[in-house]
Amino acid sequence: MNFKKSQKLYTKGLKNLVGAVNSPVRAFASVGGNPLFIKRAKGSTIIDVDNNRYVDLVLSYGPMILGHRHKKVQRAINKALKNGYSFGASTQNEIKLAKIVCDAFPSMDKVRFVNSGTEAVLSGIRLARAFTGKDKIIKFSGCYHGHQDALLVAAGSGLATLSLPGSKGVPEGAVKNTLIATYNDLDSVKRHFEEHDDIAGVIIEPVGGNMGVVIPQNNFLKELKVFLESKDALLIADEVMTGFRSKFGGAQELFDVEADITCLGKVIGGGFPVGAYGARNEIMEMVAPLGGMYQAGTLSGNPIAMAGGISTLTELKRQDPYQQFEEVGKQIETILLAAAEKYNVDLTVNRFGSMLNPFFTNVKVTNFEEAQSSDTEKFGVFFWEMIKNGVFLPPSQFEAWFLSSAITEEDLAKIEKAVNKAMEKVAEIKN
Ligand SMILES: *Cc1c(COP(=O)(O)O)cnc(C)c1O
């Protein structure tokens, strides 16, 4: 396997692109080496410019839940393209996607489409403040909610991978209303409420996916929701990653918790730039033109993106692959743990449905601090050996691996072989 053309493009890309990437998570900073350039993808397979073929466990960081270029999605997009690309006016398909989303999430009566997860969350936060008339927001350390100023503190994978505490260029004033709590620790939330009486709500990834996979323990989400209700504060569920992935109705369906405000992205666009935020009528009526909270977007509800979203979600609902995800995820977990035992490598695997990842540690991982106990040097070695054996992983210890419904038995065999080779390499590292 060689990476000559990727290497060439990387060098060329450095001239006019920042680090030759348009999102820092695509850089290979923490695993060493340079990013691969992709030519195309189909089903569960992604192919780089040197014609190396990989089982894709990145899936564009989640959106490609059906695998790449599903026939029905491709057909819907081709059809939409014939009618025009953007109108600056409403279309029937926006109503259609809104109904699919509101039917899937009982906590939402109305939804507003935007162009990314970041936009969905920053609008959701604005809405929480508008509705409650309070300013402060609690977030959990290690949760990522997009790159808006107010939430770019203790923000998980991208920053953790680059070892950045937060971001330059974020003024102190922008984060002065952001309070940090510890995932799976309700007391850390309660303490903030003892000290502040102007907390609008708590934003959470209902399953953590941006510090590696971190699962809510026991009744954490339910207890959090009950507590917030008692304080007249809102639960803002950032389901950008988990929406339509944990279950069709997201983590809220799975854990039987209703959020006050829900933010969506990733799968909802099936690979096109779509985000959404929604809530019950009483809250959404705050949003312009019905109410006084302003939020707008030239390309929001874009017809091609709506076609991508509708066709992806319709097919996803038809396939109902959640049991399959559970089984395939379990198989990969077993492969990882067996290889770790064989080669005597400390390993913790966190898995939740179609999201999973290994941590190179013997510690149980339930929050960001525990996630950071992972040996990232070992991950770097593991990563490259997986690449060389045909498995495309996110180039960071702190990103989830994703499954698509297009994964095959042959893919699993390839993953098993690669994992065993990679674990053998990891075992050669001196502690
Ligand atoms: C990816 C992600 C975002 C940001 O979405 P973008 O589309 O990258 O702006 C926000 N929240 C969570 C939980 C995410 O996983």
# chains A, B, ... in the order shown; residues from 1 in each chain; ligands from 1
>>> residues_near_ligand(ligand="ligand 1", cutoff="9 Å", atoms="only C-alpha atoms and all ligand atoms", output="short mmCIF file (atom, residue, chain, number, x, y, z; two decimals) with C-alpha atoms, in the first residue's frame")
data_model
loop_
_atom_site.label_atom_id
_atom_site.label_comp_id
_atom_site.auth_asym_id
_atom_site.auth_seq_id
_atom_site.Cartn_x
_atom_site.Cartn_y
_atom_site.Cartn_z
CA SER A 23 -11.68 20.76 9.46
CA TYR A 61 -18.06 11.37 11.15
CA GLY A 62 -21.51 9.87 11.21
CA ASN A 115 -26.86 24.20 7.57
CA SER A 116 -24.72 22.44 10.17
CA GLY A 117 -24.66 20.98 13.66
CA THR A 118 -22.80 24.04 14.89
CA GLU A 119 -25.59 26.30 13.67
CA ALA A 120 -28.24 24.03 15.18
CA VAL A 121 -26.63 24.21 18.60
CA CYS A 143 -18.80 17.22 25.14
CA TYR A 144 -18.47 19.00 21.81
CA HIS A 145 -21.25 21.22 20.56
CA GLY A 146 -19.77 22.75 17.44
CA HIS A 147 -17.36 25.66 17.16
CA GLN A 148 -19.47 28.56 18.44
CA ILE A 204 -25.57 17.52 26.77
CA GLU A 205 -24.61 14.89 24.25
CA PRO A 206 -27.03 12.22 25.51
CA VAL A 207 -24.39 9.68 24.54
CA GLY A 208 -20.97 11.27 24.56
CA GLY A 209 -19.31 10.85 21.17
CA ASN A 210 -16.64 13.51 21.09
CA ALA A 237 -30.17 17.57 23.90
CA ASP A 238 -27.37 17.87 21.37
CA GLU A 239 -28.35 14.88 19.26
CA VAL A 240 -26.26 16.01 16.28
CA MET A 241 -24.41 12.69 16.51
CA THR A 242 -26.99 10.42 18.16
CA CYS A 263 -30.37 19.86 18.11
CA LEU A 264 -29.76 17.65 15.08
CA GLY A 265 -27.22 17.38 12.28
CA LYS A 266 -25.10 14.70 10.60
CA PRO A 273 -25.17 20.14 5.02
CA VAL A 274 -28.31 20.02 7.17
CA GLY A 275 -28.80 20.84 10.81
#
>>> residues_around(residues="region 95-102 of chain A", least_positions_apart="4", cutoff="8 Å", atoms="only C-alpha atoms", output="JSON, numbers by chain")
{"A": [91, 106, 107, 108, 109, 110, 111, 306, 309, 310, 313]}
>>> residues_around(residues="Asn78 (chain A)", least_positions_apart="5", cutoff="12 Å", atoms="only C-alpha atoms", output="ChimeraX atom specification")
/A:69,71-73,83-85,303-305,307-308,311
>>> closest_residue(among="A:Ala233, A:Met1, A:Met355, A:Leu221", to="Ala400 (chain A)", atoms="only C-alpha atoms")
A:Met355
>>> closest_residue(among="A:Glu399, A:Gly278, A:Leu412, A:Ala418", to="Arg26 (chain A)", atoms="only C-alpha atoms")
A:Glu399
>>> decode(residues="region 298-414 of chain A", atoms="C-alpha atoms", output="JSON list (two decimals), in the first residue's frame")
[["chain", "number", "residue", "atom", "x", "y", "z"],
["A", 298, "THR", "CA", -29.75, 32.06, 2.99],
["A", 299, "LEU", "CA", -29.31, 28.37, 2.14],
["A", 300, "SER", "CA", -31.32, 26.88, 5.02],
["A", 301, "GLY", "CA", -33.71, 24.17, 3.85],
["A", 302, "ASN", "CA", -31.71, 23.85, 0.64],
["A", 303, "PRO", "CA", -33.68, 21.68, -1.81],
["A", 304, "ILE", "CA", -30.83, 19.30, -2.64],
["A", 305, "ALA", "CA", -29.98, 18.87, 1.04],
["A", 306, "MET", "CA", -33.66, 18.28, 1.88],
["A", 307, "ALA", "CA", -33.85, 15.58, -0.81],
["A", 308, "GLY", "CA", -30.74, 13.96, 0.71],
["A", 309, "GLY", "CA", -32.29, 14.07, 4.17],
["A", 310, "ILE", "CA", -35.73, 12.81, 3.20],
["A", 311, "SER", "CA", -34.41, 9.90, 1.14],
["A", 312, "THR", "CA", -31.84, 8.92, 3.78],
["A", 313, "LEU", "CA", -34.30, 8.99, 6.67],
["A", 314, "THR", "CA", -37.03, 7.24, 4.69],
["A", 315, "GLU", "CA", -34.69, 4.41, 3.75],
["A", 316, "LEU", "CA", -33.26, 4.29, 7.27],
["A", 317, "LYS", "CA", -36.71, 3.90, 8.73],
["A", 318, "ARG", "CA", -37.50, 1.15, 6.24],
["A", 319, "GLN", "CA", -34.27, -0.73, 6.99],
["A", 320, "ASP", "CA", -34.55, -0.28, 10.76],
["A", 321, "PRO", "CA", -30.90, -1.40, 11.16],
["A", 322, "TYR", "CA", -30.62, -0.76, 14.90],
["A", 323, "GLN", "CA", -30.63, -4.44, 15.88],
["A", 324, "GLN", "CA", -28.03, -5.11, 13.16],
["A", 325, "PHE", "CA", -25.89, -2.25, 14.54],
["A", 326, "GLU", "CA", -26.09, -3.77, 17.98],
["A", 327, "GLU", "CA", -24.92, -7.14, 16.69],
["A", 328, "VAL", "CA", -22.16, -5.85, 14.42],
["A", 329, "GLY", "CA", -20.95, -3.45, 17.12],
["A", 330, "LYS", "CA", -20.83, -6.31, 19.59],
["A", 331, "GLN", "CA", -18.81, -8.37, 17.11],
["A", 332, "ILE", "CA", -16.24, -5.61, 16.66],
["A", 333, "GLU", "CA", -16.05, -5.10, 20.42],
["A", 334, "THR", "CA", -15.38, -8.82, 20.86],
["A", 335, "ILE", "CA", -12.71, -8.74, 18.14],
["A", 336, "LEU", "CA", -10.97, -5.82, 19.88],
["A", 337, "LEU", "CA", -11.08, -7.34, 23.34],
["A", 338, "ALA", "CA", -9.94, -10.77, 22.16],
["A", 339, "ALA", "CA", -6.96, -9.26, 20.32],
["A", 340, "ALA", "CA", -6.08, -7.13, 23.34],
["A", 341, "GLU", "CA", -6.11, -10.20, 25.54],
["A", 342, "LYS", "CA", -4.07, -12.22, 23.07],
["A", 343, "TYR", "CA", -1.35, -9.57, 22.89],
["A", 344, "ASN", "CA", -1.67, -8.47, 26.50],
["A", 345, "VAL", "CA", -2.62, -4.86, 25.77],
["A", 346, "ASP", "CA", -4.63, -2.79, 28.25],
["A", 347, "LEU", "CA", -7.90, -1.95, 26.51],
["A", 348, "THR", "CA", -11.32, -0.60, 27.38],
["A", 349, "VAL", "CA", -13.98, -0.66, 24.67],
["A", 350, "ASN", "CA", -16.95, 1.67, 24.93],
["A", 351, "ARG", "CA", -19.82, 0.92, 22.62],
["A", 352, "PHE", "CA", -23.28, 2.23, 22.15],
["A", 353, "GLY", "CA", -25.23, 0.81, 19.22],
["A", 354, "SER", "CA", -23.44, 1.91, 16.08],
["A", 355, "MET", "CA", -20.84, 4.05, 17.87],
["A", 356, "LEU", "CA", -17.81, 2.51, 19.50],
["A", 357, "ASN", "CA", -14.13, 2.94, 20.15],
["A", 358, "PRO", "CA", -11.25, 1.42, 22.09],
["A", 359, "PHE", "CA", -9.31, 3.30, 24.76],
["A", 360, "PHE", "CA", -5.78, 2.11, 25.46],
["A", 361, "THR", "CA", -6.23, 2.06, 29.20],
["A", 362, "ASN", "CA", -7.32, -0.36, 31.92],
["A", 363, "VAL", "CA", -9.60, 2.30, 33.44],
["A", 364, "LYS", "CA", -13.37, 2.24, 33.00],
["A", 365, "VAL", "CA", -14.24, 5.34, 30.94],
["A", 366, "THR", "CA", -17.34, 7.27, 32.06],
["A", 367, "ASN", "CA", -16.13, 10.86, 31.62],
["A", 368, "PHE", "CA", -13.55, 13.02, 29.86],
["A", 369, "GLU", "CA", -10.88, 12.68, 32.53],
["A", 370, "GLU", "CA", -11.03, 8.90, 32.38],
["A", 371, "ALA", "CA", -11.00, 9.04, 28.56],
["A", 372, "GLN", "CA", -7.78, 11.01, 28.73],
["A", 373, "SER", "CA", -6.07, 8.18, 30.58],
["A", 374, "SER", "CA", -5.81, 6.43, 27.21],
["A", 375, "ASP", "CA", -2.30, 6.00, 25.77],
["A", 376, "THR", "CA", -2.54, 8.07, 22.58],
["A", 377, "GLU", "CA", 0.86, 6.89, 21.34],
["A", 378, "LYS", "CA", -0.52, 3.36, 21.23],
["A", 379, "PHE", "CA", -3.57, 4.64, 19.39],
["A", 380, "GLY", "CA", -1.30, 6.25, 16.76],
["A", 381, "VAL", "CA", 0.45, 2.93, 16.10],
["A", 382, "PHE", "CA", -2.86, 1.09, 16.07],
["A", 383, "PHE", "CA", -4.37, 3.63, 13.67],
["A", 384, "TRP", "CA", -1.68, 3.32, 11.02],
["A", 385, "GLU", "CA", -1.66, -0.46, 11.15],
["A", 386, "MET", "CA", -5.43, -0.42, 10.64],
["A", 387, "ILE", "CA", -5.00, 1.88, 7.63],
["A", 388, "LYS", "CA", -2.32, -0.36, 6.14],
["A", 389, "ASN", "CA", -4.67, -3.31, 6.55],
["A", 390, "GLY", "CA", -7.59, -1.58, 4.88],
["A", 391, "VAL", "CA", -9.68, -0.07, 7.69],
["A", 392, "PHE", "CA", -10.34, 3.67, 7.68],
["A", 393, "LEU", "CA", -10.63, 5.06, 11.22],
["A", 394, "PRO", "CA", -10.90, 8.62, 12.55],
["A", 395, "PRO", "CA", -7.33, 9.84, 13.15],
["A", 396, "SER", "CA", -7.93, 10.50, 16.85],
["A", 397, "GLN", "CA", -8.24, 8.54, 20.06],
["A", 398, "PHE", "CA", -11.16, 10.76, 21.01],
["A", 399, "GLU", "CA", -13.48, 10.16, 18.08],
["A", 400, "ALA", "CA", -16.13, 7.47, 17.81],
["A", 401, "TRP", "CA", -16.02, 4.84, 15.08],
["A", 402, "PHE", "CA", -19.29, 4.61, 13.20],
["A", 403, "LEU", "CA", -21.16, 1.73, 11.59],
["A", 404, "SER", "CA", -23.30, 1.87, 8.49],
["A", 405, "SER", "CA", -25.99, -0.57, 7.43],
["A", 406, "ALA", "CA", -23.88, -1.33, 4.34],
["A", 407, "ILE", "CA", -21.21, -3.21, 6.29],
["A", 408, "THR", "CA", -20.70, -6.84, 5.12],
["A", 409, "GLU", "CA", -19.35, -10.12, 6.51],
["A", 410, "GLU", "CA", -16.22, -9.62, 4.38],
["A", 411, "ASP", "CA", -15.75, -6.20, 5.97],
["A", 412, "LEU", "CA", -15.90, -7.77, 9.41],
["A", 413, "ALA", "CA", -13.31, -10.38, 8.43],
["A", 414, "LYS", "CA", -11.07, -7.57, 7.15]]
